[in-house]
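Engineer: One file: structure.txt (compact mmCIF, C-alpha atoms).
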```txt
# COMPACT_ATOMS: atom_id res chain seq x y z
CA MET A 226 129.14 99.99 100.34
CA ALA A 227 126.67 102.29 98.56
CA LEU A 228 125.13 101.07 95.34
CA ARG A 229 126.08 102.99 92.25
CA LYS A 230 123.27 104.30 90.08
CA SER A 231 124.08 101.71 87.44
CA GLU A 232 123.53 98.83 89.87
CA GLU A 233 120.14 97.29 90.49
CA SER A 234 118.49 98.53 93.66
CA ALA A 235 116.57 96.31 96.06
CA ILE A 236 114.33 99.26 96.92
CA PRO A 237 112.13 100.31 93.98
CA ASN A 238 113.28 103.63 92.52
CA THR A 239 109.93 105.33 92.64
CA ASP A 240 111.07 108.86 93.37
CA LEU A 241 108.15 110.96 92.15
CA LEU A 242 110.59 113.67 91.11
CA SER A 243 113.27 111.25 89.88
CA GLY A 244 115.92 113.58 91.29
CA ARG A 245 115.41 116.11 88.51
CA LEU A 246 115.26 119.04 90.91
CA ARG A 247 118.09 117.88 93.16
CA PRO A 248 120.87 119.82 91.32
CA LEU A 249 118.89 123.07 91.59
CA LEU A 250 118.01 122.39 95.22
CA THR A 251 121.66 121.78 96.02
CA LEU A 252 122.66 125.12 94.50
CA LEU A 253 119.98 127.06 96.38
CA ALA A 254 120.37 125.20 99.67
CA ASP A 255 122.80 127.81 101.03
CA GLY A 256 119.99 130.40 101.16
CA LYS A 257 122.06 132.93 99.20
CA VAL A 258 121.06 134.86 96.08
CA HIS A 259 121.93 133.17 92.77
CA SER A 260 121.38 134.80 89.40
CA GLY A 261 119.34 133.00 86.77
CA ALA A 262 122.33 133.12 84.43
CA SER A 263 124.70 131.51 86.93
CA LEU A 264 122.17 128.81 87.79
CA GLY A 265 121.63 128.06 84.11
CA GLU A 266 125.37 127.91 83.47
CA VAL A 267 126.00 125.41 86.26
CA LEU A 268 122.97 123.30 85.36
CA GLY A 269 123.63 123.48 81.62
CA VAL A 270 120.15 124.80 80.81
CA SER A 271 118.60 128.09 79.66
CA ARG A 272 117.34 130.78 82.01
CA ALA A 273 113.81 129.90 80.89
CA ALA A 274 114.40 126.30 81.97
CA VAL A 275 115.70 127.55 85.32
CA TRP A 276 112.51 129.57 85.77
CA LYS A 277 110.35 126.51 85.12
CA GLN A 278 112.28 124.50 87.69
CA LEU A 279 111.93 127.30 90.23
CA GLN A 280 108.18 127.17 89.80
CA LYS A 281 108.28 123.45 90.57
CA LEU A 282 110.11 124.19 93.82
CA GLU A 283 107.28 126.48 94.86
CA ALA A 284 104.84 123.64 94.13
CA LEU A 285 106.75 121.62 96.74
CA GLY A 286 105.94 124.28 99.31
CA LEU A 287 109.39 125.90 99.19
CA GLN A 288 109.48 129.69 99.28
CA VAL A 289 111.65 131.09 96.49
CA GLU A 290 112.29 134.85 96.58
CA SER A 291 113.10 136.83 93.45
CA GLU A 292 115.29 139.92 93.86
CA LYS A 293 115.09 142.19 90.84
CA GLY A 294 118.40 142.48 89.04
CA ARG A 295 120.10 139.98 91.35
CA GLY A 296 118.45 136.59 91.12
CA TYR A 297 116.75 134.05 93.34
CA ARG A 298 117.17 132.66 96.81
CA LEU A 299 115.52 129.93 98.84
CA CYS A 300 114.23 131.50 102.04
CA GLY A 301 115.97 129.99 105.04
CA GLY A 302 118.04 127.65 102.88
CA LEU A 303 117.83 123.85 103.10
CA ASP A 304 119.67 121.13 104.97
CA LEU A 305 119.36 118.38 102.37
CA LEU A 306 119.80 114.71 103.13
CA ASP A 307 122.85 113.14 101.55
CA GLU A 308 123.61 109.42 101.37
CA GLN A 309 127.39 109.74 101.51
CA ALA A 310 127.31 112.23 104.39
CA ILE A 311 125.12 109.86 106.39
CA ARG A 312 127.26 106.80 105.68
CA ALA A 313 130.41 108.66 106.63
CA GLN A 314 129.00 109.32 110.12
CA VAL A 315 127.56 105.88 110.90
CA SER A 316 129.65 104.19 113.61
CA GLY A 317 131.64 100.98 113.39
CA LEU A 318 129.00 98.92 115.21
CA ALA A 319 126.16 99.96 112.94
CA ALA A 320 128.04 100.26 109.65
CA PRO A 321 128.27 96.48 108.92
CA LEU A 322 124.52 96.16 109.54
CA LEU A 323 123.61 98.91 107.08
CA ASN A 324 123.00 97.50 103.62
CA GLU A 325 121.35 99.64 101.00
CA LEU A 326 120.67 103.29 101.82
CA GLN A 327 118.70 105.49 99.46
CA VAL A 328 117.60 109.11 99.64
CA PHE A 329 114.66 110.19 97.48
CA ASP A 330 113.34 113.69 96.93
CA GLN A 331 109.69 112.66 96.98
CA VAL A 332 107.86 109.33 97.36
CA ASP A 333 104.33 108.38 98.28
CA SER A 334 105.29 106.44 101.44
CA THR A 335 108.70 105.25 102.61
CA ASN A 336 107.05 102.39 104.52
CA ALA A 337 105.14 101.25 101.44
CA ARG A 338 108.32 101.22 99.34
CA MET A 339 110.25 99.27 101.97
CA LEU A 340 107.42 96.75 102.34
CA ALA A 341 107.50 96.23 98.57
CA ALA A 342 111.23 95.49 98.75
CA LEU A 343 110.77 93.04 101.64
CA ASP A 344 108.00 91.24 99.76
CA THR A 345 110.51 90.44 97.00
CA GLY A 346 112.93 88.88 99.49
CA ALA A 347 115.21 91.92 99.61
CA GLY A 348 115.32 94.90 101.95
CA HIS A 349 117.00 93.46 105.06
CA GLY A 350 119.15 96.18 106.59
CA GLY A 351 117.85 98.59 103.97
CA VAL A 352 117.16 102.22 104.77
CA LEU A 353 114.94 104.51 102.74
CA LEU A 354 114.75 108.26 103.35
CA ALA A 355 112.62 110.86 101.61
CA GLU A 356 112.71 114.63 101.68
CA GLN A 357 108.93 114.51 101.31
CA GLN A 358 106.14 111.94 101.41
CA THR A 359 102.88 112.55 99.58
CA ALA A 360 101.05 109.74 101.41
CA GLY A 361 102.95 109.30 104.66
CA ARG A 362 101.24 106.98 107.11
CA GLY A 363 100.75 107.22 110.85
CA ARG A 364 99.01 104.95 113.33
CA ARG A 365 95.31 104.15 112.99
CA GLY A 366 95.25 105.23 109.35
CA ARG A 367 96.21 108.83 110.02
CA ASN A 368 98.29 110.87 107.58
CA TRP A 369 101.78 111.96 108.63
CA GLN A 370 102.63 115.51 107.60
CA SER A 371 106.04 115.68 105.90
CA PRO A 372 106.69 119.01 104.18
CA PHE A 373 109.77 119.06 101.98
CA ALA A 374 113.09 118.83 103.90
CA SER A 375 111.39 119.84 107.15
CA GLY A 376 111.88 116.62 109.08
CA ILE A 377 113.16 113.08 108.87
CA SER A 378 111.02 110.44 107.14
CA ILE A 379 112.83 107.13 107.33
CA SER A 380 111.96 103.45 106.96
CA ILE A 381 114.21 100.54 107.92
CA GLY A 382 113.64 96.98 106.73
CA TRP A 383 114.58 94.01 108.94
CA ARG A 384 113.97 90.26 108.83
CA PHE A 385 113.43 88.05 111.87
CA SER A 386 113.14 84.28 112.38
CA GLY A 387 110.94 82.79 115.06
CA GLY A 388 107.65 84.54 114.54
CA VAL A 389 106.03 87.79 115.48
CA GLN A 390 105.98 86.94 119.20
CA LEU A 391 109.70 87.78 119.30
CA LEU A 392 108.84 91.36 118.38
CA GLU A 393 106.75 92.18 121.44
CA GLY A 394 107.77 95.60 122.73
CA LEU A 395 109.85 96.43 119.65
CA SER A 396 108.16 99.77 119.06
CA LEU A 397 109.00 100.77 122.64
CA ALA A 398 112.65 99.78 122.16
CA VAL A 399 112.69 101.91 119.00
CA GLY A 400 111.52 104.84 121.12
CA VAL A 401 114.40 104.32 123.56
CA ALA A 402 116.88 104.18 120.67
CA LEU A 403 115.50 107.45 119.28
CA ALA A 404 115.74 109.12 122.68
CA ARG A 405 119.38 108.06 122.92
CA ALA A 406 120.11 109.43 119.46
CA LEU A 407 118.56 112.77 120.42
CA ALA A 408 120.57 112.80 123.65
CA ARG A 409 123.75 112.91 121.56
CA PHE A 410 122.68 116.40 120.50
CA ASP A 411 121.59 117.48 123.99
CA VAL A 412 117.94 117.75 123.02
CA PRO A 413 116.21 118.61 126.31
CA ASP A 414 113.12 117.11 127.94
CA VAL A 415 112.74 114.06 125.69
CA ARG A 416 110.15 111.60 126.94
CA LEU A 417 108.28 108.57 125.57
CA LYS A 418 104.55 108.04 125.22
CA TRP A 419 103.17 104.51 124.96
CA PRO A 420 103.20 102.76 122.60
CA ASN A 421 105.30 104.56 119.99
CA ASP A 422 105.64 108.33 120.30
CA VAL A 423 108.59 110.50 121.24
CA TRP A 424 107.59 113.62 123.11
CA CYS A 425 109.47 116.77 124.04
CA ARG A 426 108.14 119.33 126.49
CA GLU A 427 104.78 117.57 126.58
CA ARG A 428 104.27 117.66 122.81
CA LYS A 429 104.85 115.14 120.03
CA LEU A 430 108.26 115.29 118.38
CA ALA A 431 108.33 111.96 116.53
CA GLY A 432 106.16 108.95 115.79
CA VAL A 433 106.92 105.32 115.01
CA LEU A 434 104.90 102.98 112.78
CA LEU A 435 105.80 99.28 112.58
CA GLU A 436 104.38 97.23 109.70
CA LEU A 437 104.81 93.47 109.29
CA SER A 438 104.94 91.12 106.32
CA GLY A 439 105.69 87.43 105.71
CA ASP A 440 104.87 84.41 107.85
CA LEU A 441 103.96 85.76 111.27
CA THR A 442 104.63 82.36 112.87
CA ASP A 443 108.12 81.80 111.39
CA ARG A 444 110.17 84.05 109.15
CA CYS A 445 108.75 87.55 109.04
CA ALA A 446 109.88 91.02 108.17
CA VAL A 447 109.18 94.36 109.79
CA VAL A 448 109.39 97.92 108.52
CA ILE A 449 110.27 100.49 111.16
CA GLY A 450 108.89 103.79 109.94
CA ILE A 451 109.84 106.98 111.78
CA GLY A 452 108.72 110.55 111.25
CA LEU A 453 110.54 113.25 113.21
CA ASN A 454 109.86 117.00 113.12
CA MET A 455 112.92 119.16 112.44
CA ARG A 456 111.56 122.51 111.19
CA LEU A 457 107.87 122.49 110.30
CA PRO A 458 106.46 125.41 108.29
CA ALA A 459 103.38 127.09 109.74
CA ALA A 460 101.15 125.94 106.87
CA ALA A 461 101.84 122.28 107.62
CA ALA A 462 101.33 122.74 111.34
CA GLU A 463 97.71 123.71 110.81
CA ALA A 464 96.90 120.17 109.61
CA ILE A 465 98.30 118.44 112.73
CA GLY A 466 95.53 117.44 115.10
CA GLN A 467 97.51 117.27 118.35
CA PRO A 468 100.14 119.27 120.25
CA TRP A 469 103.45 119.07 118.39
CA ILE A 470 106.98 120.40 118.61
CA ASP A 471 110.02 120.45 116.33
CA LEU A 472 113.75 120.51 116.98
CA ALA A 473 114.02 124.07 115.64
CA GLU A 474 112.14 125.20 118.75
CA VAL A 475 114.29 123.42 121.34
CA ARG A 476 117.66 122.71 119.69
CA PRO A 477 118.08 124.50 116.35
CA GLY A 478 121.00 123.86 114.05
CA ILE A 479 121.20 120.06 114.29
CA SER A 480 122.37 118.55 111.00
CA ARG A 481 119.75 116.24 109.53
CA ASN A 482 122.46 113.95 108.16
CA ALA A 483 124.21 113.75 111.52
CA LEU A 484 120.92 112.99 113.26
CA VAL A 485 120.03 110.22 110.78
CA ALA A 486 123.47 108.67 111.32
CA ALA A 487 122.97 108.80 115.11
CA MET A 488 119.54 107.18 114.72
CA LEU A 489 121.05 104.34 112.68
CA ASP A 490 123.86 103.98 115.24
CA GLU A 491 121.24 103.26 117.89
CA LEU A 492 118.60 101.43 115.86
CA LEU A 493 120.58 98.93 113.81
CA PRO A 494 122.45 97.25 116.72
CA MET A 495 119.17 97.18 118.67
CA LEU A 496 117.42 95.37 115.79
CA GLU A 497 120.31 92.91 115.50
CA THR A 498 120.14 91.87 119.16
CA PHE A 499 116.41 92.24 119.86
CA PRO A 500 115.42 88.61 119.08
CA GLU A 501 117.78 87.42 121.83
CA SER A 502 117.34 90.21 124.36
CA GLY A 503 113.66 90.97 123.82
CA PHE A 504 112.02 93.99 125.37
CA THR A 505 113.22 92.96 128.82
CA ALA A 506 116.60 94.55 128.10
CA TRP A 507 114.88 97.85 127.24
CA ARG A 508 112.09 97.98 129.80
CA GLU A 509 113.95 99.88 132.53
CA ALA A 510 115.22 102.50 130.08
CA TRP A 511 111.72 102.96 128.65
CA GLN A 512 110.14 103.40 132.07
CA ALA A 513 112.74 106.00 133.01
CA LEU A 514 111.48 108.07 130.06
CA ASP A 515 107.75 107.38 130.51
CA GLN A 516 105.87 110.65 129.96
CA PHE A 517 102.75 109.61 131.88
CA ALA A 518 104.07 107.41 134.71
CA GLY A 519 101.82 107.72 137.75
CA THR A 520 99.32 110.03 136.08
CA GLU A 521 95.67 109.58 135.18
CA VAL A 522 95.22 108.60 131.55
CA CYS A 523 92.57 107.12 129.28
CA LEU A 524 93.01 104.36 126.72
CA GLN A 525 90.80 104.45 123.66
CA SER A 526 90.05 101.69 121.16
CA ALA A 527 87.52 101.74 118.36
CA GLN A 528 84.79 100.48 120.72
CA GLN A 529 85.93 100.98 124.31
CA ARG A 530 87.52 103.46 126.70
CA TRP A 531 89.36 102.76 129.96
CA CYS A 532 90.65 105.34 132.45
CA GLY A 533 93.01 104.87 135.37
CA ILE A 534 96.52 105.48 136.67
CA GLU A 535 99.38 104.61 134.31
CA ARG A 536 101.81 102.22 136.01
CA GLY A 537 104.46 101.68 133.34
CA VAL A 538 104.79 98.58 131.17
CA ASP A 539 105.31 94.86 131.72
CA ARG A 540 108.08 92.71 130.23
CA SER A 541 106.22 92.36 126.93
CA GLY A 542 105.70 96.11 126.55
CA ALA A 543 102.01 96.03 127.49
CA LEU A 544 100.80 99.13 129.32
CA LEU A 545 99.81 98.64 132.95
CA LEU A 546 96.72 100.64 133.88
CA GLU A 547 95.50 100.72 137.47
CA ILE A 548 91.70 100.69 137.46
CA ASP A 549 89.89 100.65 140.81
CA GLY A 550 93.04 99.46 142.55
CA GLU A 551 93.82 96.61 140.15
CA CYS A 552 96.39 96.64 137.32
CA GLN A 553 95.29 95.53 133.88
CA ALA A 554 97.64 94.98 130.93
CA PHE A 555 96.86 96.51 127.54
CA HIS A 556 98.74 95.72 124.35
CA GLY A 557 99.32 98.17 121.49
CA GLY A 558 97.68 97.78 118.12
CA GLU A 559 94.67 100.05 117.76
CA ILE A 560 94.69 101.42 121.31
CA SER A 561 95.72 105.03 121.93
CA LEU A 562 96.70 106.70 125.19
CA ARG A 563 95.59 110.20 126.09
CA PRO A 564 95.98 112.29 129.23
CA ALA A 565 92.71 112.25 131.17
CA GLY A 566 90.58 115.24 130.25
CA SER A 567 92.85 116.31 127.38
CA GLY A 568 90.19 116.17 124.67
CA MET A 569 92.86 114.96 122.23
CA PRO A 570 91.64 112.78 119.33
```
Please express the file's structure as structure tokens.
Structural biologist:
Amino acid sequence: MALRKSEESAIPNTDLLSGRLRPLLTLLADGKVHSGASLGEVLGVSRAAVWKQLQKLEALGLQVESEKGRGYRLCGGLDLLDEQAIRAQVSGLAAPLLNELQVFDQVDSTNARMLAALDTGAGHGGVLLAEQQTAGRGRRGRNWQSPFASGISISIGWRFSGGVQLLEGLSLAVGVALARALARFDVPDVRLKWPNDVWCRERKLAGVLLELSGDLTDRCAVVIGIGLNMRLPAAAAEAIGQPWIDLAEVRPGISRNALVAAMLDELLPMLETFPESGFTAWREAWQALDQFAGTEVCLQSAQQRWCGIERGVDRSGALLLEIDGECQAFHGGEISLRPAGSGMP
């Protein structure tokens, strides 16, 4: 059951906008023209106050058009995330596993906020979504671009007993779950790139970042952070340092709320059973979606580089690389995979 605003939240309410712009965003989300007077009447503020709020929307990177004598419209409209709409679409298997779910307009990092909740002993089964992150994190310290309402930025908190060794291959299982969620919407050509990327048509569609806290030998907690591109504006695309793709290019019109619900349908039951099943239960499905199976790739760490033929993964999720006729196993962490000769960072 969703927490009411009057109830104490396990996830710190650190929305950098504190929801002040949400009513205006909701009114403009349809992409139609609204007069300043009508907006002010609904919001209970003056036209001057409406104008000030519109300027704040532009600061978020949203394009607001002014039509003389008519009013204002948000170019292209918005598909805003909505807690109740998401909960209503989560299936019976996942629904009991979903505890607190919060949607913020803007936070620094959804993973950081979820880690803070887990550090207080809360957060298990919690889900935090943000329309925008100002300090979104990717692997190896990279920034994750998340323009307002243009993708899905989500973090899930989960507690495990038995130590971090039980979590081997978890990021790969998350990738399989995401691929299955996308399959519900007939997204074509979805593949997986070791250790934690979702690709589509040979470009990156989504990334996964797992962060751990607690006692790594006993009771520990993990945050599963996911960033998925829905409809990236051109300005944001310029800052991405690798080939990328968004759902607007291959399957436009997917509801963000419906997709989040499908992701939770796949992810929450997987997290519940993973300590018993381990990655072994997910290995075959992952290998069936392996983007680089049988191709020449290079692995890069901070100090070393290895090149060879990619031969899938072992039962722990380690990548198998054939070098000079012998297979070597490489675990995730700070190692990145690149197609041989790609020149990608």
Engineer: Using all atoms listed in the file, which of the listed residues (A:Arg247, A:Arg508, A:Arg530, A:Arg456) sits closest to Leu306 (chain A)?
Structural biologist: A:Arg247
Engineer: Rounded to one decimal, what separation in Å do you get between CA of Glu474 (chain A) and CA of Leu417 (chain A)?
Structural biologist: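 Computed distance, CA of Glu474 (chain A) to CA of Leu417 (chain A), equals 18.4 Å.
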Engineer: Considering all atoms listed in the file, state which residue in the set A:Ala319, A:Ile381, A:Ala341, A:Ala506 is at the smallest distance from Leu434 (chain A).
Structural biologist: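 Closest to Leu434 (chain A), using all atoms listed in the file: A:Ile381.
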Engineer: Need to verify the contact set: region 347-351 of chain A, 9 Å, all atoms listed in the file, exclusion of same-chain residues closer than 4 positions in sequence. Can you return it as a list in words?
Structural biologist: Ala235, Ile236, Leu322, Leu323, Asn324, Glu325, Leu326, Gln327, Met339, Leu340, Ala341, Ala342, Leu343, Ser380, Ile381, Gly382, Trp383, Arg384, Ala446 and Leu493 of chain A
Engineer: Considering only C-alpha atoms, can you say which of A:Asp333, A:Glu393, A:Asp255, A:Asp490 comes closest to Ile311 (chain A)?
Structural biologist: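 Residue with the minimum atom-to-atom distance to Ile311 (chain A): A:Asp490.
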Engineer: Write out as a Markdown table a residue-level contact list of region 366-479 of chain A versus region 559-568 of chain A with cut-off 9 Å: for each qualifying residue the closest pair of atoms and the distance in Å to one decimal, counting only C-alpha atoms, rows sorted by chain and residue number upward.
Structural biologist:
```
| residue | atom | partner | partner_atom | distance |
| --- | --- | --- | --- | --- |
| A:Lys418 | CA | A:Leu562 | CA | 8.0 |
| A:Trp419 | CA | A:Leu562 | CA | 6.8 |
| A:Pro420 | CA | A:Ser561 | CA | 7.8 |
```
Engineer: Counting all atoms listed in the file, select every polymer residue within 12 Å of (98.8, 98.2, 118.9) as defined in the file's coordinates, and provide the selection as an MDAnalysis selection string.
Structural biologist: chainID A and resid 364:365 393:397 419:421 433:436 524:527 542:544 555:562
Engineer: Residues as selected, C-alpha atoms, written as a short mmCIF file (atom, residue, chain, number, x, y, z; two decimals), in the frame of the given file, can you do that?
Structural biologist:
```cif
data_model
loop_
_atom_site.label_atom_id
_atom_site.label_comp_id
_atom_site.auth_asym_id
_atom_site.auth_seq_id
_atom_site.Cartn_x
_atom_site.Cartn_y
_atom_site.Cartn_z
CA ARG A 364 99.01 104.95 113.33
CA ARG A 365 95.31 104.15 112.99
CA GLU A 393 106.75 92.18 121.44
CA GLY A 394 107.77 95.60 122.73
CA LEU A 395 109.85 96.43 119.65
CA SER A 396 108.16 99.77 119.06
CA LEU A 397 109.00 100.77 122.64
CA TRP A 419 103.17 104.51 124.96
CA PRO A 420 103.20 102.76 122.60
CA ASN A 421 105.30 104.56 119.99
CA VAL A 433 106.92 105.32 115.01
CA LEU A 434 104.90 102.98 112.78
CA LEU A 435 105.80 99.28 112.58
CA GLU A 436 104.38 97.23 109.70
CA LEU A 524 93.01 104.36 126.72
CA GLN A 525 90.80 104.45 123.66
CA SER A 526 90.05 101.69 121.16
CA ALA A 527 87.52 101.74 118.36
CA GLY A 542 105.70 96.11 126.55
CA ALA A 543 102.01 96.03 127.49
CA LEU A 544 100.80 99.13 129.32
CA PHE A 555 96.86 96.51 127.54
CA HIS A 556 98.74 95.72 124.35
CA GLY A 557 99.32 98.17 121.49
CA GLY A 558 97.68 97.78 118.12
CA GLU A 559 94.67 100.05 117.76
CA ILE A 560 94.69 101.42 121.31
CA SER A 561 95.72 105.03 121.93
CA LEU A 562 96.70 106.70 125.19
#
```
Engineer: Using only C-alpha atoms, pick whichever of A:Ser438, A:Gln314, A:Thr251, A:Gln288 has the shortest atom-to-atom distance to Leu489 (chain A).
Structural biologist: A:Gln314
Engineer: Quick one: pull the distance between CA of Gly452 (chain A) and CA of Leu253 (chain A), Å, one decimal.
Structural biologist: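 We find that CA of Gly452 (chain A) and CA of Leu253 (chain A) lie 24.9 Å from each other.
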Engineer: Kindly indicate which residue among A:Ala554, A:Gly450, A:Glu283, A:Asp414 lies nearest to Leu354 (chain A), using only C-alpha atoms for the distances.
Structural biologist: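 Smallest distance to Leu354 (chain A) is found for A:Gly450.
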Engineer: Dump as a short mmCIF file (atom, residue, chain, number, x, y, z; two decimals) with C-alpha atoms, keeping the file's coordinate frame all residues having an atom at most 10 Å from (120.8, 129.5, 91.6), computed in the file's coordinates with all atoms listed in the file.
Structural biologist:
```cif
data_model
loop_
_atom_site.label_atom_id
_atom_site.label_comp_id
_atom_site.auth_asym_id
_atom_site.auth_seq_id
_atom_site.Cartn_x
_atom_site.Cartn_y
_atom_site.Cartn_z
CA PRO A 248 120.87 119.82 91.32
CA LEU A 249 118.89 123.07 91.59
CA LEU A 250 118.01 122.39 95.22
CA THR A 251 121.66 121.78 96.02
CA LEU A 252 122.66 125.12 94.50
CA LEU A 253 119.98 127.06 96.38
CA ALA A 254 120.37 125.20 99.67
CA ASP A 255 122.80 127.81 101.03
CA GLY A 256 119.99 130.40 101.16
CA LYS A 257 122.06 132.93 99.20
CA VAL A 258 121.06 134.86 96.08
CA HIS A 259 121.93 133.17 92.77
CA SER A 260 121.38 134.80 89.40
CA GLY A 261 119.34 133.00 86.77
CA ALA A 262 122.33 133.12 84.43
CA SER A 263 124.70 131.51 86.93
CA LEU A 264 122.17 128.81 87.79
CA GLY A 265 121.63 128.06 84.11
CA GLU A 266 125.37 127.91 83.47
CA VAL A 267 126.00 125.41 86.26
CA LEU A 268 122.97 123.30 85.36
CA VAL A 275 115.70 127.55 85.32
CA LEU A 279 111.93 127.30 90.23
CA GLY A 296 118.45 136.59 91.12
CA TYR A 297 116.75 134.05 93.34
CA ARG A 298 117.17 132.66 96.81
CA LEU A 299 115.52 129.93 98.84
#
```
Engineer: In Å, how far is it from CA of Pro494 (chain A) to CA of Ser316 (chain A)?
Structural biologist: 10.5 Å
Engineer: Find the residues around Gly550 (chain A) up to 12 Å (only C-alpha atoms counted), leave out those fewer than 2 positions away in its own chain, and share them as a PyMOL selection string.
Structural biologist: chain A and resi 532-536+545-548+552-553
Engineer: Just the residues within 8 Å of Thr505 (chain A), please, counting all atoms listed in the file, with nothing from its chain fewer than 3 positions along; format it as a list in words.
Structural biologist: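 Close residues of Thr505 (chain A): Ser502, Arg508, Glu509, Arg540 and Ser541 of chain A.
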Engineer: Using all atoms listed in the file, which of A:Ala473, A:Ile451, A:Val401, A:Met495 sits nearest Ser334 (chain A)?
Structural biologist: A:Ile451
Engineer: Which residues come within 12 Å of Met455 (chain A), counting all atoms listed in the file, excluding same-chain residues fewer than 6 positions away, as a PDB file with C-alpha atoms, in the frame of the given file?
Structural biologist:
```pdb
ATOM      1  CA  LEU A 303     117.830 123.850 103.100  1.00  0.00           C
ATOM      2  CA  ASP A 304     119.670 121.130 104.970  1.00  0.00           C
ATOM      3  CA  LEU A 305     119.360 118.380 102.370  1.00  0.00           C
ATOM      4  CA  GLU A 356     112.710 114.630 101.680  1.00  0.00           C
ATOM      5  CA  GLN A 370     102.630 115.510 107.600  1.00  0.00           C
ATOM      6  CA  SER A 371     106.040 115.680 105.900  1.00  0.00           C
ATOM      7  CA  PRO A 372     106.690 119.010 104.180  1.00  0.00           C
ATOM      8  CA  PHE A 373     109.770 119.060 101.980  1.00  0.00           C
ATOM      9  CA  ALA A 374     113.090 118.830 103.900  1.00  0.00           C
ATOM     10  CA  SER A 375     111.390 119.840 107.150  1.00  0.00           C
ATOM     11  CA  GLY A 376     111.880 116.620 109.080  1.00  0.00           C
ATOM     12  CA  ILE A 377     113.160 113.080 108.870  1.00  0.00           C
ATOM     13  CA  SER A 378     111.020 110.440 107.140  1.00  0.00           C
ATOM     14  CA  LEU A 407     118.560 112.770 120.420  1.00  0.00           C
ATOM     15  CA  VAL A 412     117.940 117.750 123.020  1.00  0.00           C
ATOM     16  CA  LYS A 429     104.850 115.140 120.030  1.00  0.00           C
ATOM     17  CA  LEU A 430     108.260 115.290 118.380  1.00  0.00           C
ATOM     18  CA  ALA A 431     108.330 111.960 116.530  1.00  0.00           C
ATOM     19  CA  TRP A 469     103.450 119.070 118.390  1.00  0.00           C
ATOM     20  CA  ILE A 470     106.980 120.400 118.610  1.00  0.00           C
ATOM     21  CA  ASP A 471     110.020 120.450 116.330  1.00  0.00           C
ATOM     22  CA  LEU A 472     113.750 120.510 116.980  1.00  0.00           C
ATOM     23  CA  ALA A 473     114.020 124.070 115.640  1.00  0.00           C
ATOM     24  CA  GLU A 474     112.140 125.200 118.750  1.00  0.00           C
ATOM     25  CA  VAL A 475     114.290 123.420 121.340  1.00  0.00           C
ATOM     26  CA  ARG A 476     117.660 122.710 119.690  1.00  0.00           C
ATOM     27  CA  PRO A 477     118.080 124.500 116.350  1.00  0.00           C
ATOM     28  CA  GLY A 478     121.000 123.860 114.050  1.00  0.00           C
ATOM     29  CA  ILE A 479     121.200 120.060 114.290  1.00  0.00           C
ATOM     30  CA  SER A 480     122.370 118.550 111.000  1.00  0.00           C
ATOM     31  CA  ARG A 481     119.750 116.240 109.530  1.00  0.00           C
ATOM     32  CA  ASN A 482     122.460 113.950 108.160  1.00  0.00           C
ATOM     33  CA  LEU A 484     120.920 112.990 113.260  1.00  0.00           C
ATOM     34  CA  VAL A 485     120.030 110.220 110.780  1.00  0.00           C
TER      35      VAL A 485
END
```
Engineer: With N, CA and C atoms as the goal, would you fill in the gaps in region 417-427 of chain A and present it as a JSON list (two decimals), keeping the file's coordinate frame?
Structural biologist:
```json
[["chain", "number", "residue", "atom", "x", "y", "z"],
["A", 417, "LEU", "N", 108.94, 109.55, 126.44],
["A", 417, "LEU", "CA", 108.28, 108.57, 125.57],
["A", 417, "LEU", "C", 106.83, 108.39, 125.99],
["A", 418, "LYS", "N", 105.97, 108.26, 124.99],
["A", 418, "LYS", "CA", 104.55, 108.04, 125.22],
["A", 418, "LYS", "C", 104.16, 106.70, 124.61],
["A", 419, "TRP", "N", 103.58, 105.83, 125.42],
["A", 419, "TRP", "CA", 103.17, 104.51, 124.96],
["A", 419, "TRP", "C", 102.11, 104.63, 123.87],
["A", 420, "PRO", "N", 102.18, 103.79, 122.79],
["A", 420, "PRO", "CA", 103.20, 102.76, 122.60],
["A", 420, "PRO", "C", 104.37, 103.18, 121.70],
["A", 421, "ASN", "N", 104.26, 104.31, 120.98],
["A", 421, "ASN", "CA", 105.30, 104.56, 119.99],
["A", 421, "ASN", "C", 105.51, 106.02, 119.61],
["A", 422, "ASP", "N", 105.39, 106.92, 120.58],
["A", 422, "ASP", "CA", 105.64, 108.33, 120.30],
["A", 422, "ASP", "C", 106.83, 108.84, 121.12],
["A", 423, "VAL", "N", 107.55, 109.77, 120.52],
["A", 423, "VAL", "CA", 108.59, 110.50, 121.24],
["A", 423, "VAL", "C", 108.07, 111.90, 121.49],
["A", 424, "TRP", "N", 108.08, 112.30, 122.74],
["A", 424, "TRP", "CA", 107.59, 113.62, 123.11],
["A", 424, "TRP", "C", 108.74, 114.50, 123.59],
["A", 425, "CYS", "N", 108.51, 115.78, 123.53],
["A", 425, "CYS", "CA", 109.47, 116.77, 124.04],
["A", 425, "CYS", "C", 108.65, 117.93, 124.59],
["A", 426, "ARG", "N", 108.87, 118.25, 125.83],
["A", 426, "ARG", "CA", 108.14, 119.33, 126.49],
["A", 426, "ARG", "C", 106.63, 119.17, 126.32],
["A", 427, "GLU", "N", 106.19, 117.93, 126.55],
["A", 427, "GLU", "CA", 104.78, 117.57, 126.58],
["A", 427, "GLU", "C", 104.08, 117.72, 125.24]]
```
